[in-house]
Amino acid sequence: MAASARAFVLRHTRLRPVPDIEGIRLHLADEVLPLWHATQVETGDDDAPLPYWAFAWAGGLAIARHLEAHPEAVAGRRVFDIGSGSGLVAIAALRAGATEATAADIDSYAAAAIPLNARANRQRVAVIHRDVLDEDPPDVDVILAGDCWYEVSLATRIVPWLAQAHDRGIDVLLGDPGRRYLPADGLVERATYEVRTTTELEDMDQKRARVLAFAVNRPGAGR
Ligand SMILES: C[S@@+](CC[C@H](N)C(=O)[O-])C[C@H]1O[C@@H](n2cnc3c(N)ncnc32)[C@H](O)[C@@H]1O
């Protein structure tokens, strides 16, 4: 699967710059639905996930911009990018000076795309291709989560996992453009960015996306 997934990623994407993020290039697609259909045909699975990995999502773009502006958030530190998709956030962390970056995603094509994208940016990202949300948070200094609040099933699992990491002293940053399932309480805004995206994914090609952290006195802390 790994070699054919790599070939599939290369066949259906083009290496191109990420808007407003100096120096990062990713293997990206133009259109969601034809690629989703190609994924369904390739895998023989009508329920194949959308090709999240072939786009830079607004939440991840906000984190990448934030790390460009505030490299001290990750410089000299070990970083974990959960729901990594293309690997954009992990790559941005390494470019900002992280000592190592691990990217986790459950999608086989994301697991193939991340090393390709890392290599295109002369970086090395370790990839975990399994669902880590039932495990303890990893032994790292910083966890970054870009655009993981678009569906209730992921949102309800990732929030307690990130909160647990925060309670253990890991710095956690979330990137979000106002998705439906982002918790309304317990988070504080660190920054807001206007990010350029695509109407293939969003209602507008520009979105306001926030970088957030857990509030020190968030509801439920210490339970
Ligand atoms: C909207 S994409 C965001 C990708 C990237 N962070 C960005 O901002 O461009 C969400 C990603 O979360 C991944 N995902 C969903 N459930 C997951 C889980 N349980 N563990 C890890 N990744 C998961 C999906 O496969 C998808 O790649």
# chains A, B, ... in the order shown; residues from 1 in each chain; ligands from 1

call {"tool": "residues_near_ligand", "arguments": {"ligand": "ligand 1", "cutoff": "8 Å", "atoms": "only C-alpha atoms and all ligand atoms", "output": "PyMOL selection string"}}
result
chain A and resi 49+51-53+55-61+81-89+104-107+110+129-133+145-150+154+157-158+175

call {"tool": "write_last_selection", "arguments": {"atoms": "N, CA, C and O atoms", "output": "compact mmCIF listing (two decimals), in the first residue's frame"}}
result
# COMPACT_ATOMS: atom_id res chain seq x y z
N PRO A 49 -12.34 8.22 3.06
CA PRO A 49 -12.40 9.59 3.57
C PRO A 49 -12.09 10.61 2.48
O PRO A 49 -11.41 10.30 1.49
N PRO A 51 -10.10 13.54 0.66
CA PRO A 51 -8.64 13.68 0.59
C PRO A 51 -8.14 14.94 1.31
O PRO A 51 -7.62 15.86 0.69
N TYR A 52 -8.31 14.94 2.63
CA TYR A 52 -7.88 16.09 3.44
C TYR A 52 -6.40 16.41 3.21
O TYR A 52 -5.98 17.55 3.23
N TRP A 53 -5.62 15.34 3.02
CA TRP A 53 -4.16 15.45 2.91
C TRP A 53 -3.71 16.26 1.70
O TRP A 53 -2.56 16.69 1.63
N PHE A 55 -4.80 19.14 0.67
CA PHE A 55 -5.07 20.58 0.82
C PHE A 55 -4.43 21.08 2.11
O PHE A 55 -4.23 20.33 3.06
N ALA A 56 -4.12 22.37 2.10
CA ALA A 56 -3.66 23.04 3.33
C ALA A 56 -4.89 23.70 3.93
O ALA A 56 -5.46 24.62 3.33
N TRP A 57 -5.33 23.24 5.09
CA TRP A 57 -6.59 23.70 5.69
C TRP A 57 -6.37 24.98 6.48
O TRP A 57 -5.26 25.25 6.96
N ALA A 58 -7.45 25.74 6.61
CA ALA A 58 -7.33 27.06 7.23
C ALA A 58 -6.74 26.99 8.64
O ALA A 58 -5.92 27.83 9.02
N GLY A 59 -7.14 25.99 9.40
CA GLY A 59 -6.61 25.87 10.78
C GLY A 59 -5.11 25.62 10.79
O GLY A 59 -4.37 26.19 11.60
N GLY A 60 -4.66 24.75 9.88
CA GLY A 60 -3.22 24.48 9.79
C GLY A 60 -2.46 25.68 9.26
O GLY A 60 -1.33 25.96 9.70
N LEU A 61 -3.08 26.40 8.33
CA LEU A 61 -2.42 27.61 7.80
C LEU A 61 -2.22 28.63 8.92
O LEU A 61 -1.17 29.29 8.98
N ASP A 81 2.31 16.73 15.67
CA ASP A 81 1.25 17.32 14.85
C ASP A 81 0.14 16.28 14.70
O ASP A 81 0.31 15.31 13.97
N ILE A 82 -0.97 16.50 15.39
CA ILE A 82 -2.07 15.51 15.34
C ILE A 82 -3.09 15.91 14.26
O ILE A 82 -3.41 17.08 14.13
N GLY A 83 -3.55 14.92 13.50
CA GLY A 83 -4.45 15.22 12.36
C GLY A 83 -3.68 15.99 11.31
O GLY A 83 -4.11 17.01 10.81
N SER A 84 -2.53 15.44 10.94
CA SER A 84 -1.52 16.20 10.19
C SER A 84 -1.89 16.45 8.73
O SER A 84 -1.46 17.45 8.15
N GLY A 85 -2.66 15.57 8.11
CA GLY A 85 -3.06 15.78 6.70
C GLY A 85 -1.84 15.79 5.79
O GLY A 85 -1.16 14.78 5.59
N SER A 86 -1.54 16.95 5.24
CA SER A 86 -0.39 17.10 4.33
C SER A 86 0.96 17.11 5.06
O SER A 86 2.00 16.99 4.43
N GLY A 87 0.91 17.35 6.39
CA GLY A 87 2.15 17.53 7.15
C GLY A 87 2.54 18.99 7.28
O GLY A 87 3.60 19.31 7.85
N LEU A 88 1.71 19.89 6.78
CA LEU A 88 2.03 21.32 6.79
C LEU A 88 2.50 21.83 8.15
O LEU A 88 3.53 22.52 8.25
N VAL A 89 1.77 21.49 9.20
CA VAL A 89 2.08 22.05 10.52
C VAL A 89 3.40 21.50 11.04
O VAL A 89 4.22 22.25 11.60
N ALA A 104 0.89 12.61 13.06
CA ALA A 104 -0.01 11.46 13.17
C ALA A 104 -1.25 11.71 12.33
O ALA A 104 -1.85 12.78 12.39
N ASP A 105 -1.63 10.68 11.57
CA ASP A 105 -2.88 10.75 10.81
C ASP A 105 -3.35 9.33 10.55
O ASP A 105 -2.54 8.42 10.36
N ILE A 106 -4.67 9.15 10.51
CA ILE A 106 -5.23 7.81 10.31
C ILE A 106 -5.37 7.47 8.83
O ILE A 106 -5.66 6.33 8.49
N ASP A 107 -5.20 8.44 7.96
CA ASP A 107 -5.42 8.25 6.52
C ASP A 107 -4.13 7.75 5.85
O ASP A 107 -3.08 8.36 5.99
N ALA A 110 -2.49 10.32 3.69
CA ALA A 110 -1.77 11.32 4.47
C ALA A 110 -0.41 10.75 4.88
O ALA A 110 0.62 11.43 4.79
N HIS A 129 1.04 6.31 11.62
CA HIS A 129 -0.19 6.06 10.87
C HIS A 129 -1.08 5.13 11.69
O HIS A 129 -1.18 3.92 11.44
N ARG A 130 -1.63 5.68 12.75
CA ARG A 130 -2.64 4.95 13.53
C ARG A 130 -3.40 5.98 14.35
O ARG A 130 -2.99 7.14 14.43
N ASP A 131 -4.46 5.53 14.97
CA ASP A 131 -5.27 6.42 15.79
C ASP A 131 -4.66 6.45 17.20
O ASP A 131 -4.73 5.46 17.93
N VAL A 132 -4.07 7.57 17.55
CA VAL A 132 -3.39 7.67 18.86
C VAL A 132 -4.31 8.25 19.94
O VAL A 132 -3.88 8.41 21.08
N LEU A 133 -5.54 8.55 19.57
CA LEU A 133 -6.39 9.28 20.53
C LEU A 133 -6.88 8.41 21.68
O LEU A 133 -7.41 8.94 22.66
N ALA A 145 -2.50 21.10 16.67
CA ALA A 145 -3.67 20.45 16.07
C ALA A 145 -4.34 21.45 15.13
O ALA A 145 -4.98 22.40 15.59
N GLY A 146 -4.19 21.23 13.84
CA GLY A 146 -4.74 22.16 12.83
C GLY A 146 -6.03 21.63 12.26
O GLY A 146 -6.06 20.55 11.67
N ASP A 147 -7.10 22.37 12.44
CA ASP A 147 -8.38 22.11 11.75
C ASP A 147 -8.94 20.73 12.03
O ASP A 147 -9.20 19.95 11.10
N CYS A 148 -9.18 20.44 13.29
CA CYS A 148 -9.70 19.13 13.68
C CYS A 148 -11.10 19.21 14.29
O CYS A 148 -11.53 18.28 14.97
N TRP A 149 -11.84 20.30 14.01
CA TRP A 149 -13.15 20.49 14.65
C TRP A 149 -14.28 20.54 13.65
O TRP A 149 -15.29 21.18 13.86
N TYR A 150 -14.11 19.85 12.53
CA TYR A 150 -15.10 19.87 11.45
C TYR A 150 -16.11 18.74 11.58
O TYR A 150 -17.13 18.75 10.91
N LEU A 154 -14.52 13.29 15.68
CA LEU A 154 -13.12 13.63 15.95
C LEU A 154 -13.03 14.68 17.06
O LEU A 154 -12.23 14.56 17.99
N ARG A 157 -13.34 13.44 20.61
CA ARG A 157 -12.22 12.61 21.10
C ARG A 157 -10.94 13.42 21.25
O ARG A 157 -10.15 13.19 22.16
N ILE A 158 -10.73 14.37 20.36
CA ILE A 158 -9.43 15.06 20.39
C ILE A 158 -9.36 16.09 21.52
O ILE A 158 -8.29 16.32 22.09
N GLY A 175 -5.46 25.22 15.84
CA GLY A 175 -5.73 26.17 14.76
C GLY A 175 -7.13 25.92 14.23
O GLY A 175 -7.47 24.78 13.90

call {"tool": "residues_around", "arguments": {"residues": "Val188 in chain A", "least_positions_apart": "6", "cutoff": "7 Å", "atoms": "only C-alpha atoms", "output": "ChimeraX atom specification"}}
result
/A:212-215

call {"tool": "residues_around", "arguments": {"residues": "range 26-37 of chain A", "least_positions_apart": "3", "cutoff": "8 Å", "atoms": "only C-alpha atoms", "output": "PyMOL selection string"}}
result
chain A and resi 9-10+12-18+40-41+48-51+54-56+86+88+113+116-117+120+200-201

call {"tool": "closest_residue", "arguments": {"among": "A:Asp46, A:Glu100, A:Glu189, A:Asp176", "to": "Val140 in chain A", "atoms": "only C-alpha atoms"}}
result
A:Glu100

call {"tool": "select_by_dssp", "arguments": {"residues": "range 10-165 of chain A", "states": "alpha helix (DSSP H)", "output": "ChimeraX atom specification"}}
result
/A:10-12,32-43,58-69,88-95,108-120,152-165
